[in-house]
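The data block below is run_18.cif; it holds mmCIF, C-alpha atoms, pLDDT in the B column; chains and numbers go by the auth columns.
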data_protein
#
loop_
_atom_site.group_PDB
_atom_site.id
_atom_site.type_symbol
_atom_site.label_atom_id
_atom_site.label_comp_id
_atom_site.label_asym_id
_atom_site.label_seq_id
_atom_site.Cartn_x
_atom_site.Cartn_y
_atom_site.Cartn_z
_atom_site.B_iso_or_equiv
_atom_site.auth_seq_id
_atom_site.auth_asym_id
ATOM 1 C CA MET A 1 0.000 0.000 0.000 79.00 1310 U
ATOM 2 C CA SER A 2 1.388 3.361 -0.968 89.00 1311 U
ATOM 3 C CA TYR A 3 1.911 6.233 1.429 85.00 1312 U
ATOM 4 C CA SER A 4 -0.765 8.351 -0.301 87.00 1313 U
ATOM 5 C CA ALA A 5 -3.289 5.481 -0.051 86.00 1314 U
ATOM 6 C CA ILE A 6 -2.549 5.172 3.668 86.00 1315 U
ATOM 7 C CA LEU A 7 -3.046 8.934 4.143 86.00 1316 U
ATOM 8 C CA GLU A 8 -6.285 8.751 2.191 91.00 1317 U
ATOM 9 C CA ARG A 9 -7.564 5.914 4.389 91.00 1318 U
ATOM 10 C CA LEU A 10 -6.541 7.817 7.537 88.00 1319 U
ATOM 11 C CA ASP A 11 -8.409 10.890 6.332 88.00 1320 U
ATOM 12 C CA GLN A 12 -11.489 8.802 5.586 92.00 1321 U
ATOM 13 C CA THR A 13 -11.250 7.084 8.970 90.00 1322 U
ATOM 14 C CA SER A 14 -10.977 10.485 10.653 90.00 1323 U
ATOM 15 C CA ILE A 15 -14.074 11.720 8.785 92.00 1324 U
ATOM 16 C CA ASP A 16 -15.986 8.542 9.669 88.00 1325 U
ATOM 17 C CA MET A 17 -15.024 8.836 13.337 93.00 1326 U
ATOM 18 C CA GLU A 18 -16.096 12.486 13.442 93.00 1327 U
ATOM 19 C CA LEU A 19 -19.450 11.576 11.871 91.00 1328 U
ATOM 20 C CA LYS A 20 -19.973 8.753 14.354 92.00 1329 U
ATOM 21 C CA ARG A 21 -19.055 11.051 17.258 93.00 1330 U
ATOM 22 C CA THR A 22 -21.543 13.664 16.046 93.00 1331 U
ATOM 23 C CA GLN A 23 -24.251 11.026 15.627 93.00 1332 U
ATOM 24 C CA PHE A 24 -23.483 9.679 19.105 94.00 1333 U
ATOM 25 C CA HIS A 25 -23.890 13.069 20.776 94.00 1334 U
ATOM 26 C CA ASP A 26 -26.985 14.012 18.755 95.00 1335 U
ATOM 27 C CA THR A 27 -28.612 10.706 19.634 95.00 1336 U
ATOM 28 C CA LYS A 28 -27.656 11.003 23.279 95.00 1337 U
ATOM 29 C CA SER A 29 -29.262 14.461 23.380 95.00 1338 U
ATOM 30 C CA ALA A 30 -32.455 13.139 21.756 95.00 1339 U
ATOM 31 C CA LEU A 31 -32.620 10.291 24.283 95.00 1340 U
ATOM 32 C CA GLU A 32 -32.181 12.752 27.156 96.00 1341 U
ATOM 33 C CA ASP A 33 -35.010 14.933 25.807 94.00 1342 U
ATOM 34 C CA ALA A 34 -37.333 11.932 25.550 94.00 1343 U
ATOM 35 C CA GLU A 35 -36.437 10.804 29.074 94.00 1344 U
ATOM 36 C CA GLU A 36 -36.991 14.328 30.386 95.00 1345 U
ATOM 37 C CA ASN A 37 -40.515 14.308 28.951 92.00 1346 U
ATOM 38 C CA LEU A 38 -41.188 10.935 30.570 90.00 1347 U
ATOM 39 C CA ALA A 39 -40.007 12.364 33.881 91.00 1348 U
ATOM 40 C CA LYS A 40 -42.558 15.161 33.447 91.00 1349 U
ATOM 41 C CA LEU A 41 -45.271 12.573 32.764 89.00 1350 U
ATOM 42 C CA ASP A 42 -44.148 10.675 35.847 87.00 1351 U
ATOM 43 C CA LYS A 43 -44.395 13.898 37.852 88.00 1352 U
ATOM 44 C CA GLU A 44 -47.983 14.245 36.598 84.00 1353 U
ATOM 45 C CA ASN A 45 -48.620 10.679 37.854 84.00 1354 U
ATOM 46 C CA ILE A 46 -49.293 9.382 34.351 86.00 1355 U
ATOM 47 C CA ASN A 47 -48.752 5.671 33.776 84.00 1356 U
ATOM 48 C CA TYR A 48 -46.915 6.061 30.477 84.00 1357 U
ATOM 49 C CA LYS A 49 -45.357 2.592 30.319 84.00 1358 U
ATOM 50 C CA LYS A 50 -48.250 1.223 28.240 82.00 1359 U
ATOM 51 C CA LEU A 51 -48.077 4.044 25.704 84.00 1360 U
ATOM 52 C CA ASN A 52 -46.339 3.776 22.320 85.00 1361 U
ATOM 53 C CA PHE A 53 -43.760 6.477 22.888 88.00 1362 U
ATOM 54 C CA TYR A 54 -42.399 4.577 25.890 90.00 1363 U
ATOM 55 C CA ASP A 55 -41.855 1.504 23.697 91.00 1364 U
ATOM 56 C CA ASN A 56 -40.161 3.698 21.099 91.00 1365 U
ATOM 57 C CA LEU A 57 -37.826 5.081 23.735 93.00 1366 U
ATOM 58 C CA GLU A 58 -36.905 1.603 24.932 94.00 1367 U
ATOM 59 C CA LYS A 59 -36.202 0.525 21.346 94.00 1368 U
ATOM 60 C CA ALA A 60 -34.152 3.700 20.841 95.00 1369 U
ATOM 61 C CA LYS A 61 -32.057 2.825 23.891 95.00 1370 U
ATOM 62 C CA ASP A 62 -31.466 -0.666 22.532 95.00 1371 U
ATOM 63 C CA SER A 63 -30.449 0.728 19.144 94.00 1372 U
ATOM 64 C CA PHE A 64 -28.113 3.149 20.913 94.00 1373 U
ATOM 65 C CA LYS A 65 -26.434 0.254 22.724 94.00 1374 U
ATOM 66 C CA ASP A 66 -26.053 -1.497 19.360 94.00 1375 U
ATOM 67 C CA GLU A 67 -24.442 1.701 18.022 91.00 1376 U
ATOM 68 C CA ASN A 68 -27.197 2.187 15.454 93.00 1377 U
ATOM 69 C CA TYR A 69 -27.282 5.900 16.154 93.00 1378 U
ATOM 70 C CA GLU A 70 -29.412 6.988 13.207 93.00 1379 U
ATOM 71 C CA LYS A 71 -32.253 4.622 14.083 94.00 1380 U
ATOM 72 C CA SER A 72 -31.900 5.397 17.770 95.00 1381 U
ATOM 73 C CA LYS A 73 -32.029 9.152 17.194 95.00 1382 U
ATOM 74 C CA GLU A 74 -35.082 8.859 14.930 95.00 1383 U
ATOM 75 C CA MET A 75 -36.978 6.775 17.487 95.00 1384 U
ATOM 76 C CA ALA A 76 -35.922 8.984 20.404 95.00 1385 U
ATOM 77 C CA LEU A 77 -37.017 12.130 18.575 94.00 1386 U
ATOM 78 C CA GLN A 78 -40.377 10.528 17.767 94.00 1387 U
ATOM 79 C CA SER A 79 -40.776 9.457 21.387 94.00 1388 U
ATOM 80 C CA ALA A 80 -39.905 12.946 22.628 94.00 1389 U
ATOM 81 C CA GLU A 81 -42.356 14.536 20.198 93.00 1390 U
ATOM 82 C CA ASP A 82 -45.175 12.142 21.085 92.00 1391 U
ATOM 83 C CA SER A 83 -44.629 12.481 24.820 91.00 1392 U
ATOM 84 C CA LEU A 84 -44.481 16.270 24.537 91.00 1393 U
ATOM 85 C CA SER A 85 -47.741 16.213 22.613 90.00 1394 U
ATOM 86 C CA THR A 86 -49.272 14.026 25.322 89.00 1395 U
ATOM 87 C CA LEU A 87 -48.071 16.469 27.985 90.00 1396 U
ATOM 88 C CA ALA A 88 -49.736 19.346 26.146 91.00 1397 U
ATOM 89 C CA GLU A 89 -52.975 17.372 25.796 90.00 1398 U
ATOM 90 C CA ILE A 90 -52.873 16.468 29.487 89.00 1399 U
ATOM 91 C CA ASN A 91 -52.525 20.123 30.458 90.00 1400 U
ATOM 92 C CA ILE A 92 -55.558 21.007 28.338 92.00 1401 U
ATOM 93 C CA VAL A 93 -57.604 18.131 29.737 91.00 1402 U
ATOM 94 C CA LYS A 94 -56.626 18.985 33.312 90.00 1403 U
ATOM 95 C CA SER A 95 -57.581 22.594 32.705 93.00 1404 U
ATOM 96 C CA ASN A 96 -60.967 21.468 31.376 92.00 1405 U
ATOM 97 C CA ARG A 97 -61.401 19.124 34.337 90.00 1406 U
ATOM 98 C CA ASN A 98 -60.663 22.008 36.695 92.00 1407 U
ATOM 99 C CA GLU A 99 -63.229 24.115 34.843 92.00 1408 U
ATOM 100 C CA PHE A 100 -65.779 21.312 35.307 90.00 1409 U
ATOM 101 C CA GLU A 101 -65.007 21.070 39.034 90.00 1410 U
ATOM 102 C CA LYS A 102 -65.156 24.847 39.393 92.00 1411 U
ATOM 103 C CA LEU A 103 -68.558 24.930 37.696 91.00 1412 U
ATOM 104 C CA PHE A 104 -69.833 22.332 40.151 89.00 1413 U
ATOM 105 C CA ASP A 105 -68.316 24.161 43.140 89.00 1414 U
ATOM 106 C CA ASN A 106 -69.878 27.436 41.992 89.00 1415 U
ATOM 107 C CA ALA A 107 -73.253 25.722 41.686 86.00 1416 U
ATOM 108 C CA LEU A 108 -72.906 24.535 45.277 84.00 1417 U
ATOM 109 C CA ILE A 109 -71.901 28.036 46.385 84.00 1418 U
ATOM 110 C CA GLU A 110 -75.004 29.333 44.613 83.00 1419 U
ATOM 111 C CA LYS A 111 -76.886 26.903 46.848 83.00 1420 U
ATOM 112 C CA LEU A 112 -78.354 24.992 43.965 80.00 1421 U
ATOM 113 C CA GLN A 113 -79.671 21.770 45.428 81.00 1422 U
ATOM 114 C CA PHE A 114 -78.216 18.532 44.083 83.00 1423 U
ATOM 115 C CA ASP A 115 -79.665 15.309 45.362 85.00 1424 U
ATOM 116 C CA LYS A 116 -77.337 12.565 46.604 89.00 1425 U
ATOM 117 C CA LYS A 117 -77.436 10.630 43.315 90.00 1426 U
ATOM 118 C CA GLU A 118 -76.540 13.714 41.255 88.00 1427 U
ATOM 119 C CA ASN A 119 -73.767 14.596 43.667 87.00 1428 U
ATOM 120 C CA ASP A 120 -72.369 11.044 43.615 90.00 1429 U
ATOM 121 C CA ASP A 121 -72.611 10.876 39.818 90.00 1430 U
ATOM 122 C CA ILE A 122 -70.602 14.062 39.446 89.00 1431 U
ATOM 123 C CA LYS A 123 -67.945 12.932 41.926 89.00 1432 U
ATOM 124 C CA ASN A 124 -67.698 9.528 40.210 91.00 1433 U
ATOM 125 C CA SER A 125 -67.347 11.267 36.856 90.00 1434 U
ATOM 126 C CA ILE A 126 -64.458 13.303 38.220 89.00 1435 U
ATOM 127 C CA LYS A 127 -62.804 10.094 39.478 91.00 1436 U
ATOM 128 C CA ASP A 128 -63.316 8.405 36.078 91.00 1437 U
ATOM 129 C CA ILE A 129 -61.808 11.403 34.322 90.00 1438 U
ATOM 130 C CA GLU A 130 -58.818 11.362 36.669 89.00 1439 U
ATOM 131 C CA LYS A 131 -58.317 7.634 36.099 89.00 1440 U
ATOM 132 C CA SER A 132 -58.401 8.150 32.319 88.00 1441 U
ATOM 133 C CA ILE A 133 -55.785 10.884 32.634 87.00 1442 U
ATOM 134 C CA GLU A 134 -53.553 8.728 34.826 85.00 1443 U
ATOM 135 C CA THR A 135 -53.647 5.838 32.362 84.00 1444 U
ATOM 136 C CA GLY A 136 -52.821 8.138 29.458 82.00 1445 U
ATOM 137 C CA LYS A 137 -56.240 7.815 27.808 85.00 1446 U
ATOM 138 C CA ILE A 138 -56.383 11.512 27.091 87.00 1447 U
ATOM 139 C CA SER A 139 -59.014 11.408 24.353 88.00 1448 U
ATOM 140 C CA ASP A 140 -61.310 9.357 26.619 90.00 1449 U
ATOM 141 C CA ALA A 141 -60.837 11.858 29.441 90.00 1450 U
ATOM 142 C CA SER A 142 -61.484 14.771 27.102 91.00 1451 U
ATOM 143 C CA GLN A 143 -64.654 13.179 25.786 93.00 1452 U
ATOM 144 C CA LYS A 144 -65.908 12.416 29.317 92.00 1453 U
ATOM 145 C CA ILE A 145 -65.233 15.988 30.384 92.00 1454 U
ATOM 146 C CA ASP A 146 -67.133 17.398 27.410 92.00 1455 U
ATOM 147 C CA GLU A 147 -70.108 15.122 28.086 92.00 1456 U
ATOM 148 C CA GLN A 148 -70.155 15.774 31.817 91.00 1457 U
ATOM 149 C CA LEU A 149 -69.681 19.511 31.378 91.00 1458 U
ATOM 150 C CA GLU A 150 -72.643 19.645 29.023 92.00 1459 U
ATOM 151 C CA ASN A 151 -74.791 17.573 31.418 90.00 1460 U
ATOM 152 C CA LEU A 152 -73.805 19.696 34.398 90.00 1461 U
ATOM 153 C CA GLU A 153 -74.556 22.940 32.548 91.00 1462 U
ATOM 154 C CA LYS A 154 -78.033 21.616 31.707 90.00 1463 U
ATOM 155 C CA LYS A 155 -78.650 20.585 35.319 88.00 1464 U
ATOM 156 C CA ILE A 156 -77.493 23.950 36.617 89.00 1465 U
ATOM 157 C CA THR A 157 -79.695 25.798 34.137 88.00 1466 U
ATOM 158 C CA ARG A 158 -82.744 23.712 35.179 87.00 1467 U
ATOM 159 C CA LYS A 159 -81.995 24.243 38.858 82.00 1468 U
ATOM 160 C CA ARG A 160 -81.626 28.002 38.378 84.00 1469 U
ATOM 161 C CA ILE A 161 -84.974 28.118 36.602 81.00 1470 U
ATOM 162 C CA ARG A 162 -86.625 26.183 39.436 80.00 1471 U
ATOM 163 C CA LYS A 163 -84.997 28.405 42.015 72.00 1472 U
#

Show me this structure written as structure tokens.
Amino acid sequence: MSYSAILERLDQTSIDMELKRTQFHDTKSALEDAEENLAKLDKENINYKKLNFYDNLEKAKDSFKDENYEKSKEMALQSAEDSLSTLAEINIVKSNRNEFEKLFDNALIEKLQFDKKENDDIKNSIKDIEKSIETGKISDASQKIDEQLENLEKKITRKRIRK
């Protein structure tokens, strides 16, 4: 092998190593972002381990260990994006749930009379909504909130008319 061929191979090896180093650090950063979002979900008491983005993160970690940085980065970025989207949806749903609870509390402050069954139904609905949020079933929770909010508004309107 000639000296120029050896230099050429060294240059190519140097370029390849630099590319691999860049991919390594980019992938590591993407994995950290995804894990940070999962920590936020954990802080919100969301059971995220049954959700797709958790599986993607685990697969990304495995690919990272196998030094398949491109695949790992792609999966980690997708996991981070999906978990961030879920966090945003959870914040909206929790805000709507709080609005529902506030509406009920205001009705009680107004001294609108709810019988025991109505009161229990509303409290059970709030528990169901909370359970849906905790299990990551955000669309179910959102739908329940919309339905219960509409029902509660109708009940309050009827009770105000009677009052």

Once you count all atoms listed in the file, what closest atom pair and distance in Å to one decimal does each residue of range 1327-1378 of chain U within 12 Å of range 1418-1442 of chain U have, with rows by chain and rising residue number, as JSON lines?
{"residue": "U:Leu1350", "atom": "CA", "partner": "U:Ile1442", "partner_atom": "CA", "distance": 10.6}
{"residue": "U:Glu1353", "atom": "CA", "partner": "U:Ile1442", "partner_atom": "CA", "distance": 9.4}
{"residue": "U:Asn1354", "atom": "CA", "partner": "U:Ile1442", "partner_atom": "CA", "distance": 8.9}
{"residue": "U:Ile1355", "atom": "CA", "partner": "U:Ile1442", "partner_atom": "CA", "distance": 6.9}
{"residue": "U:Asn1356", "atom": "CA", "partner": "U:Ile1442", "partner_atom": "CA", "distance": 8.8}
{"residue": "U:Tyr1357", "atom": "CA", "partner": "U:Ile1442", "partner_atom": "CA", "distance": 10.3}

For the residues selected in the previous step, produce a file with C-alpha atoms as a PDB file, in the coordinates of the input.
ATOM      1  CA  LEU U1350     -45.271  12.573  32.764  1.00 89.00           C
ATOM      2  CA  GLU U1353     -47.983  14.245  36.598  1.00 84.00           C
ATOM      3  CA  ASN U1354     -48.620  10.679  37.854  1.00 84.00           C
ATOM      4  CA  ILE U1355     -49.293   9.382  34.351  1.00 86.00           C
ATOM      5  CA  ASN U1356     -48.752   5.671  33.776  1.00 84.00           C
ATOM      6  CA  TYR U1357     -46.915   6.061  30.477  1.00 84.00           C
TER       7      TYR U1357
END

Checklist entry - With distances taken over all atoms listed in the file, which of U:Glu1344, U:Ile1470, U:Asp1455, U:Asn1365 is nearest to Glu1408 in chain U? => result U:Asp1455

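In this comparison, which uses only C-alpha atoms, the residue of U:Gln1457, U:Asn1400, U:Gln1387, U:Thr1444 approaching Phe1413 in chain U most closely is U:Gln1457.
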
Item to check | range 1366-1382 of chain U surroundings by all atoms listed in the file, 8 Å radius, close-in-sequence under 4 positions cut, as a count of residues only | outcome: 12

Next on the checklist: I need the residue nearest Ala1385 in chain U from this list: U:Leu1319, U:Leu1347, U:Leu1412, U:Leu1417. Use only C-alpha atoms for the distance.
Outcome noted: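 Looking only at the distances to Ala1385 in chain U, the closest residue turns out to be U:Leu1347.
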
Checklist entry - Which residue gives the smallest distance to Glu1456 in chain U among U:Glu1327, U:Asn1405, U:Leu1316, U:Tyr1363, with all atoms listed in the file counted? => result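 Selected residue with least distance to Glu1456 in chain U: U:Asn1405.
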
Next on the checklist: Between U:Ile1324, U:Met1384, U:Met1310, U:Ile1447, which residue has the minimum interatomic distance to Ile1401 in chain U, considering only C-alpha atoms?
Outcome noted: U:Ile1447

Filled-in N, CA, C and O atoms of range 1323-1345 of chain U, supplied as a short mmCIF file (atom, residue, chain, number, x, y, z; two decimals), keeping the file's coordinate frame:
data_model
loop_
_atom_site.label_atom_id
_atom_site.label_comp_id
_atom_site.auth_asym_id
_atom_site.auth_seq_id
_atom_site.Cartn_x
_atom_site.Cartn_y
_atom_site.Cartn_z
N SER U 1323 -10.77 9.30 9.82
CA SER U 1323 -10.98 10.48 10.65
C SER U 1323 -12.36 11.09 10.40
O SER U 1323 -13.07 11.45 11.34
N ILE U 1324 -12.74 11.19 9.14
CA ILE U 1324 -14.07 11.72 8.78
C ILE U 1324 -15.17 10.81 9.34
O ILE U 1324 -16.15 11.29 9.92
N ASP U 1325 -15.00 9.51 9.16
CA ASP U 1325 -15.99 8.54 9.67
C ASP U 1325 -16.12 8.62 11.18
O ASP U 1325 -17.23 8.56 11.73
N MET U 1326 -15.00 8.75 11.88
CA MET U 1326 -15.02 8.84 13.34
C MET U 1326 -15.71 10.13 13.80
O MET U 1326 -16.47 10.12 14.76
N GLU U 1327 -15.46 11.22 13.10
CA GLU U 1327 -16.10 12.49 13.44
C GLU U 1327 -17.61 12.39 13.24
O GLU U 1327 -18.40 12.88 14.06
N LEU U 1328 -18.02 11.77 12.14
CA LEU U 1328 -19.45 11.58 11.87
C LEU U 1328 -20.09 10.72 12.96
O LEU U 1328 -21.16 11.06 13.48
N LYS U 1329 -19.44 9.65 13.32
CA LYS U 1329 -19.97 8.75 14.35
C LYS U 1329 -20.05 9.48 15.69
O LYS U 1329 -21.01 9.33 16.44
N ARG U 1330 -19.05 10.29 16.01
CA ARG U 1330 -19.06 11.05 17.26
C ARG U 1330 -20.22 12.04 17.27
O ARG U 1330 -20.94 12.17 18.26
N THR U 1331 -20.43 12.71 16.15
CA THR U 1331 -21.54 13.66 16.05
C THR U 1331 -22.88 12.94 16.21
O THR U 1331 -23.76 13.40 16.94
N GLN U 1332 -23.02 11.81 15.52
CA GLN U 1332 -24.25 11.03 15.63
C GLN U 1332 -24.47 10.56 17.06
O GLN U 1332 -25.59 10.60 17.57
N PHE U 1333 -23.40 10.13 17.72
CA PHE U 1333 -23.48 9.68 19.10
C PHE U 1333 -24.04 10.78 20.00
O PHE U 1333 -24.99 10.57 20.76
N HIS U 1334 -23.46 11.97 19.90
CA HIS U 1334 -23.89 13.07 20.78
C HIS U 1334 -25.29 13.56 20.43
O HIS U 1334 -26.07 13.88 21.34
N ASP U 1335 -25.63 13.61 19.15
CA ASP U 1335 -26.98 14.01 18.76
C ASP U 1335 -28.02 13.02 19.28
O ASP U 1335 -29.08 13.40 19.78
N THR U 1336 -27.70 11.75 19.17
CA THR U 1336 -28.61 10.71 19.63
C THR U 1336 -28.75 10.75 21.15
O THR U 1336 -29.84 10.64 21.69
N LYS U 1337 -27.63 10.92 21.81
CA LYS U 1337 -27.66 11.00 23.28
C LYS U 1337 -28.53 12.17 23.73
O LYS U 1337 -29.32 12.05 24.67
N SER U 1338 -28.43 13.29 23.06
CA SER U 1338 -29.26 14.46 23.38
C SER U 1338 -30.75 14.16 23.14
O SER U 1338 -31.60 14.53 23.96
N ALA U 1339 -31.07 13.49 22.05
CA ALA U 1339 -32.46 13.14 21.76
C ALA U 1339 -33.00 12.18 22.81
O ALA U 1339 -34.16 12.32 23.25
N LEU U 1340 -32.20 11.22 23.23
CA LEU U 1340 -32.62 10.29 24.28
C LEU U 1340 -32.87 11.03 25.60
O LEU U 1340 -33.86 10.75 26.30
N GLU U 1341 -32.01 11.98 25.92
CA GLU U 1341 -32.18 12.75 27.16
C GLU U 1341 -33.46 13.58 27.11
O GLU U 1341 -34.18 13.68 28.11
N ASP U 1342 -33.76 14.16 25.95
CA ASP U 1342 -35.01 14.93 25.81
C ASP U 1342 -36.23 14.04 26.02
O ASP U 1342 -37.18 14.42 26.71
N ALA U 1343 -36.21 12.87 25.41
CA ALA U 1343 -37.33 11.93 25.55
C ALA U 1343 -37.48 11.50 27.01
O ALA U 1343 -38.60 11.45 27.53
N GLU U 1344 -36.38 11.21 27.67
CA GLU U 1344 -36.44 10.80 29.07
C GLU U 1344 -36.91 11.95 29.97
O GLU U 1344 -37.62 11.72 30.95
N GLU U 1345 -36.54 13.16 29.63
CA GLU U 1345 -36.99 14.33 30.39
C GLU U 1345 -38.51 14.46 30.30
O GLU U 1345 -39.18 14.75 31.30
#
